[in-house]
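Novice: A single structure is presented below for examination.
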Amino acid sequence: MDQRLLRPGVARALGWIALAALAVLVIFGLFVAPPDRIQSDAQRLMYLHVPVAWVAYLAFGITALGSVLWLLPRTRSPVWDRLAGSSAEIGVIFTALTLVDGSLWGRPVWGVWWAWDARLVTTAVLFFLYLGYLALRRIPSSPEARAKRCAIAALVAFVDVPIVHFSVNLWRTLHQQGTVFNDQLDAHIHGVMAFTLWFGVFAFTLVYVYLLDKRYRLLVLDEDREEREVQQAIAERLAASPVPPAPPTPPVEVGAPR
Amino acid sequence: MRFAEYVITGWALTGATLAVYWFWIVRRTRRAEQSLPDGEVE
Amino acid sequence: MALWREVRLVAGKDLRIEVRSRVTSQQIAPFGLIVLLLFAFALDPDRGVLRRVAPGLFWITVLLAALLAVSRAFAIEADNGARDGLRLSGLDGPALFLGKGAAIAVQLFALEAVLAACVVVLYGVELNTLVPLLLATLAATIGVAATGTLYGVLAAGLRVRETLVPVLLLPVVAPVLLGATRSWEAAIDGVPSDAWPWVALLGVFAVLFTAIGMLAFGPLLEEA
């Protein structure tokens with residue numbers, strides 16, 4: 001069954017569990033967890049920003065993994081290419097959410113909408129790497145060609161991300177700007193706050209897997225439809241200009257009369 | 001709640017984005033399933 | 001070694017095409033110079049500002065010019081089935097990659113020399129401590145040329161090639177921009193020994209993406 005990643009019953013159950021987990025997260029994040037000593041209620045955005053960032057990078061990793069598995073001849077299968085593609089779309093959305101939530105968190109806490117620290121900048125670059133990958137996926141080609149192009153692009157991006165992080169880190173530590181922001185981001189949290197944070201990671205991971213399965217199924221349907229349309233176009237073209245009848249063959253010599 | 005405008009905006013935006021995305025997938029999936037040749041719905 | 005002979009063959013072909021068509025010297029170089037000029041219009045003509053940000057402006061200009069150079073390098077293969085010719089030539093992927101990449105790098109070096117002279121004249125920059133400066137430039141250019149060649153072949157057969165390559169290439173070479181700019185700043189205006197970590201980063205990037213390019217060029221050319 002390569003139409004889906006999960007069995008339909010499992011997928012549906014997962015959807016409900018994910019929704020319930022999100023509801024619990026809302027209750028804990030907005031009400032149960034206490035405000036932070038320093039950040040006050042702005043801390044509540046951390047319960048969103050960190051899990052969402054985790055999913056953004058997880059999705060990226062899955063895209064890279066799918067790309068590797070597709071490229072290796074022994075494991076090559078359309079499943080991996082489709083997994084990579086589905087994960088990328090979810091990833092770009094979560095990356096955008098990471099940036100927005102991070103910005104909304106940063107404004108009350110740091111007084112600025114943006115800061116040039118390694119984590120934020122790397123996430124911004126990740127966003128653009130995703131966009132490029134998705135642009136590549138849109139280009140109509142044979143599935144093989146597109147899969148190969150996208151797989152290589154995904155792996156190049158995957159290799160690049162740690163380099164970006166390292167270089168921005170080097171840049172900001174040499175200029176000694178990063179420390180204040182990192183202090184706030186690495187706030188030491190315990191108890192209910194820590195639980196809420198980890199539960200958030202759990203809840204959003206469930207959301208990711210659920211969405212991945214749904215997106216994968218849609219991708220399969222879309223690719224099948226494209227294939228059918230191509231076949232149909234070929235059939236129409238052949239019907240419109242039929243193959244001309246064979247030219248008359250010269251009379252065959254009958255055997256010599258006995 | 002202090003900074004309520006930021007907190008609520010963040011949570012609402014995140015929730016809304018994911019909900020819209022989910023709706024978009026569901027709608028396009030239904031449309032794609034309807035255009036399948038008969039007997040192929042899984 | 002046979003590999004180097006093939007590399008020289010491919011690079012030589014591309015460079016000979018450039019010598020005859022003069023696209024880099026008559027179109028890409030003027031583009032670079034115009035960009036440097038426009039930066040001066042856009043920023044405060046107060047000499048202090050321009051001189052301070054000169055390394056950044058220089059390298060952004062180089063990156064923009066590199067986009068054109070990459071586009072050109074693969075445009076020359078677009079007509080007359082030249083790509084098929086490459087595929088059938090019996091030259092293998094790594095050699096083709098190194099050859100095309102080397103040709104792009106050589107053209108970028110020439111461009112950088114001209115742009116550097118302009119930066120000295122227009123922005124009032126003094127190019128001190130040449131050794132870290134030149135090493136950084138060498139590593140950065142190789143990194144950009146390698147990555148550009150990789151994405152160039154990836155997009156080679158596509159109609160949207162010209163708008164796609166910038167979107168793919170620029171985020172990936174962000175560390176090169178960072179490293180090159182900081183090395184130049186350290187060499188010119190700051191403590192020259194601060195440049196070395198950046199030069200090392202640029203070197204790692206150049207080696208890594210050259211290796212990746214050598215592996216990926218052949219398979220990508222097949223689909224182009």
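Convention: chains lettered A, B, ... in structure tokens order; per-chain residue numbering from 1; ligands numbered from 1 as shown.
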At a cut-off of 10 Å, list the chain A residues touching chain C, using only C-alpha atoms, as an MDAnalysis selection string.
Specialist: chainID A and resid 124:133 135:136 139:142 144:146 148:150 152:153 155:161 163:168 170:171 174
Novice: Show me which bits of chain A are within 9 Å of chain B, counting only C-alpha atoms, as a PDB file with N, CA and C atoms, in the first residue's frame.
Specialist:
```
ATOM      1  N   GLN A   3       0.015   4.136  -1.253  1.00  0.00           N
ATOM      2  CA  GLN A   3      -0.766   5.356  -1.400  1.00  0.00           C
ATOM      3  C   GLN A   3      -0.704   6.214  -0.144  1.00  0.00           C
ATOM      4  N   VAL A  26      -2.744  24.107  24.848  1.00  0.00           N
ATOM      5  CA  VAL A  26      -3.309  25.453  25.000  1.00  0.00           C
ATOM      6  C   VAL A  26      -3.629  25.730  26.472  1.00  0.00           C
ATOM      7  N   LEU A  30      -1.316  28.507  28.080  1.00  0.00           N
ATOM      8  CA  LEU A  30      -1.917  29.818  28.303  1.00  0.00           C
ATOM      9  C   LEU A  30      -2.403  30.012  29.734  1.00  0.00           C
ATOM     10  N   PRO A  35       3.567  32.574  34.793  1.00  0.00           N
ATOM     11  CA  PRO A  35       4.382  33.520  34.032  1.00  0.00           C
ATOM     12  C   PRO A  35       5.827  33.468  34.518  1.00  0.00           C
ATOM     13  N   SER A  40       7.738  37.404  32.130  1.00  0.00           N
ATOM     14  CA  SER A  40       6.298  37.504  32.384  1.00  0.00           C
ATOM     15  C   SER A  40       5.534  36.609  31.420  1.00  0.00           C
ATOM     16  N   ASP A  41       4.396  37.042  30.944  1.00  0.00           N
ATOM     17  CA  ASP A  41       3.572  36.158  30.118  1.00  0.00           C
ATOM     18  C   ASP A  41       4.129  35.947  28.711  1.00  0.00           C
ATOM     19  N   ALA A  42       5.105  36.746  28.330  1.00  0.00           N
ATOM     20  CA  ALA A  42       5.695  36.548  27.001  1.00  0.00           C
ATOM     21  C   ALA A  42       6.294  35.154  26.885  1.00  0.00           C
ATOM     22  N   GLN A  43       6.677  34.602  28.031  1.00  0.00           N
ATOM     23  CA  GLN A  43       7.193  33.233  28.071  1.00  0.00           C
ATOM     24  C   GLN A  43       6.264  32.247  27.376  1.00  0.00           C
ATOM     25  N   ARG A  44       4.974  32.542  27.363  1.00  0.00           N
ATOM     26  CA  ARG A  44       4.011  31.575  26.820  1.00  0.00           C
ATOM     27  C   ARG A  44       4.219  31.332  25.342  1.00  0.00           C
ATOM     28  N   LEU A  45       4.885  32.271  24.681  1.00  0.00           N
ATOM     29  CA  LEU A  45       5.178  32.069  23.268  1.00  0.00           C
ATOM     30  C   LEU A  45       6.297  31.054  23.068  1.00  0.00           C
ATOM     31  N   LEU A  48       5.237  27.663  22.099  1.00  0.00           N
ATOM     32  CA  LEU A  48       4.914  27.511  20.680  1.00  0.00           C
ATOM     33  C   LEU A  48       6.185  27.491  19.842  1.00  0.00           C
ATOM     34  N   HIS A  49       7.018  28.512  20.077  1.00  0.00           N
ATOM     35  CA  HIS A  49       8.157  28.754  19.207  1.00  0.00           C
ATOM     36  C   HIS A  49       9.119  27.578  19.195  1.00  0.00           C
ATOM     37  N   ILE A  90       5.401  20.894   4.546  1.00  0.00           N
ATOM     38  CA  ILE A  90       5.059  21.101   5.949  1.00  0.00           C
ATOM     39  C   ILE A  90       6.190  21.876   6.631  1.00  0.00           C
ATOM     40  N   ILE A  93       6.145  25.661   6.101  1.00  0.00           N
ATOM     41  CA  ILE A  93       5.111  26.320   6.903  1.00  0.00           C
ATOM     42  C   ILE A  93       5.566  26.446   8.350  1.00  0.00           C
ATOM     43  N   PHE A  94       6.124  25.373   8.873  1.00  0.00           N
ATOM     44  CA  PHE A  94       6.582  25.439  10.264  1.00  0.00           C
ATOM     45  C   PHE A  94       7.763  26.388  10.426  1.00  0.00           C
ATOM     46  N   LEU A  97       6.288  29.763  10.628  1.00  0.00           N
ATOM     47  CA  LEU A  97       5.694  29.933  11.963  1.00  0.00           C
ATOM     48  C   LEU A  97       6.775  30.166  13.008  1.00  0.00           C
ATOM     49  N   VAL A 100       7.833  33.783  12.733  1.00  0.00           N
ATOM     50  CA  VAL A 100       6.808  34.715  13.220  1.00  0.00           C
ATOM     51  C   VAL A 100       6.663  34.616  14.736  1.00  0.00           C
ATOM     52  N   ASP A 101       6.546  33.394  15.246  1.00  0.00           N
ATOM     53  CA  ASP A 101       6.400  33.235  16.704  1.00  0.00           C
ATOM     54  C   ASP A 101       7.630  33.762  17.426  1.00  0.00           C
ATOM     55  N   GLY A 102       8.789  33.512  16.844  1.00  0.00           N
ATOM     56  CA  GLY A 102      10.015  34.004  17.458  1.00  0.00           C
ATOM     57  C   GLY A 102      10.044  35.517  17.506  1.00  0.00           C
ATOM     58  N   LEU A 104       7.376  37.511  17.494  1.00  0.00           N
ATOM     59  CA  LEU A 104       6.375  37.963  18.469  1.00  0.00           C
ATOM     60  C   LEU A 104       6.876  37.762  19.895  1.00  0.00           C
ATOM     61  N   TRP A 105       7.709  36.770  20.102  1.00  0.00           N
ATOM     62  CA  TRP A 105       8.274  36.535  21.421  1.00  0.00           C
ATOM     63  C   TRP A 105       9.403  37.541  21.686  1.00  0.00           C
ATOM     64  N   ARG A 107       9.869  40.585  20.530  1.00  0.00           N
ATOM     65  CA  ARG A 107       9.510  41.997  20.676  1.00  0.00           C
ATOM     66  C   ARG A 107       9.289  42.422  22.123  1.00  0.00           C
ATOM     67  N   PRO A 108       8.407  41.709  22.880  1.00  0.00           N
ATOM     68  CA  PRO A 108       8.251  42.129  24.272  1.00  0.00           C
ATOM     69  C   PRO A 108       9.480  41.838  25.143  1.00  0.00           C
ATOM     70  N   LEU A 211      -0.095  15.436   9.528  1.00  0.00           N
ATOM     71  CA  LEU A 211      -0.117  16.245   8.308  1.00  0.00           C
ATOM     72  C   LEU A 211       0.728  15.592   7.217  1.00  0.00           C
ATOM     73  N   LYS A 214      -1.264  12.945   5.497  1.00  0.00           N
ATOM     74  CA  LYS A 214      -2.298  13.528   4.637  1.00  0.00           C
ATOM     75  C   LYS A 214      -1.700  14.144   3.382  1.00  0.00           C
ATOM     76  N   ARG A 215      -0.591  14.842   3.557  1.00  0.00           N
ATOM     77  CA  ARG A 215       0.055  15.512   2.424  1.00  0.00           C
ATOM     78  C   ARG A 215       0.617  14.488   1.452  1.00  0.00           C
ATOM     79  N   ARG A 217      -0.539  11.478   0.894  1.00  0.00           N
ATOM     80  CA  ARG A 217      -1.658  10.918   0.137  1.00  0.00           C
ATOM     81  C   ARG A 217      -2.072  11.864  -0.991  1.00  0.00           C
ATOM     82  N   LEU A 218      -2.135  13.168  -0.677  1.00  0.00           N
ATOM     83  CA  LEU A 218      -2.500  14.153  -1.701  1.00  0.00           C
ATOM     84  C   LEU A 218      -1.466  14.168  -2.834  1.00  0.00           C
ATOM     85  N   LEU A 219      -0.194  14.067  -2.459  1.00  0.00           N
ATOM     86  CA  LEU A 219       0.874  14.073  -3.454  1.00  0.00           C
ATOM     87  C   LEU A 219       0.738  12.887  -4.400  1.00  0.00           C
ATOM     88  N   LEU A 221      -2.020  11.244  -5.109  1.00  0.00           N
ATOM     89  CA  LEU A 221      -3.178  11.484  -5.973  1.00  0.00           C
ATOM     90  C   LEU A 221      -2.833  12.463  -7.087  1.00  0.00           C
ATOM     91  N   ASP A 222      -2.130  13.538  -6.742  1.00  0.00           N
ATOM     92  CA  ASP A 222      -1.770  14.545  -7.739  1.00  0.00           C
ATOM     93  C   ASP A 222      -0.832  13.965  -8.790  1.00  0.00           C
ATOM     94  N   ARG A 225      -2.709  11.726 -11.082  1.00  0.00           N
ATOM     95  CA  ARG A 225      -3.538  12.490 -11.997  1.00  0.00           C
ATOM     96  C   ARG A 225      -2.683  13.082 -13.118  1.00  0.00           C
TER      97      ARG A 225
END
```
Novice: Please identify the helix (DSSP H, G or I) residues within region 8-195 of chain A (assignment by DSSP from backbone atoms) and present them as a ChimeraX atom specification.
Specialist: /A:8-32,41-71,78-110,118-138,143-174,178-185,191-195
Novice: Tell me, in Å to one decimal, how far CA of Ala20 (chain A) is from CA of Thr205 (chain A).
Specialist: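 That distance, rounded to one decimal, is 13.0 Å.
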Novice: Excluding Glu112 (chain C) and residues on its chain fewer than 6 positions from it, collect all residues at most 9 Å away from it, counting only C-alpha atoms, and give them as a VMD selection string.
Specialist: chain C and resid 58 to 59 62 137
Novice: Atoms to include: N, CA and C atoms. Write the selected residues as a JSON list (two decimals), in the first residue's frame.
Specialist:
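Generated file (selection_3.json):
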```json
[["chain", "number", "residue", "atom", "x", "y", "z"],
["C", 58, "PHE", "N", 31.66, 45.03, -2.11],
["C", 58, "PHE", "CA", 32.47, 44.32, -3.11],
["C", 58, "PHE", "C", 31.97, 42.90, -3.28],
["C", 59, "TRP", "N", 31.80, 42.18, -2.18],
["C", 59, "TRP", "CA", 31.44, 40.77, -2.28],
["C", 59, "TRP", "C", 30.00, 40.57, -2.74],
["C", 62, "VAL", "N", 30.28, 40.86, -6.37],
["C", 62, "VAL", "CA", 30.87, 39.64, -6.94],
["C", 62, "VAL", "C", 29.81, 38.55, -7.04],
["C", 137, "THR", "N", 40.05, 35.51, -0.83],
["C", 137, "THR", "CA", 39.45, 35.69, -2.15],
["C", 137, "THR", "C", 39.53, 34.40, -2.95]]
```
Novice: Please, what distance in Å, to one decimal, runs between CA of Gly93 (chain C) and CA of Thr149 (chain C)?
Specialist: 11.9 Å
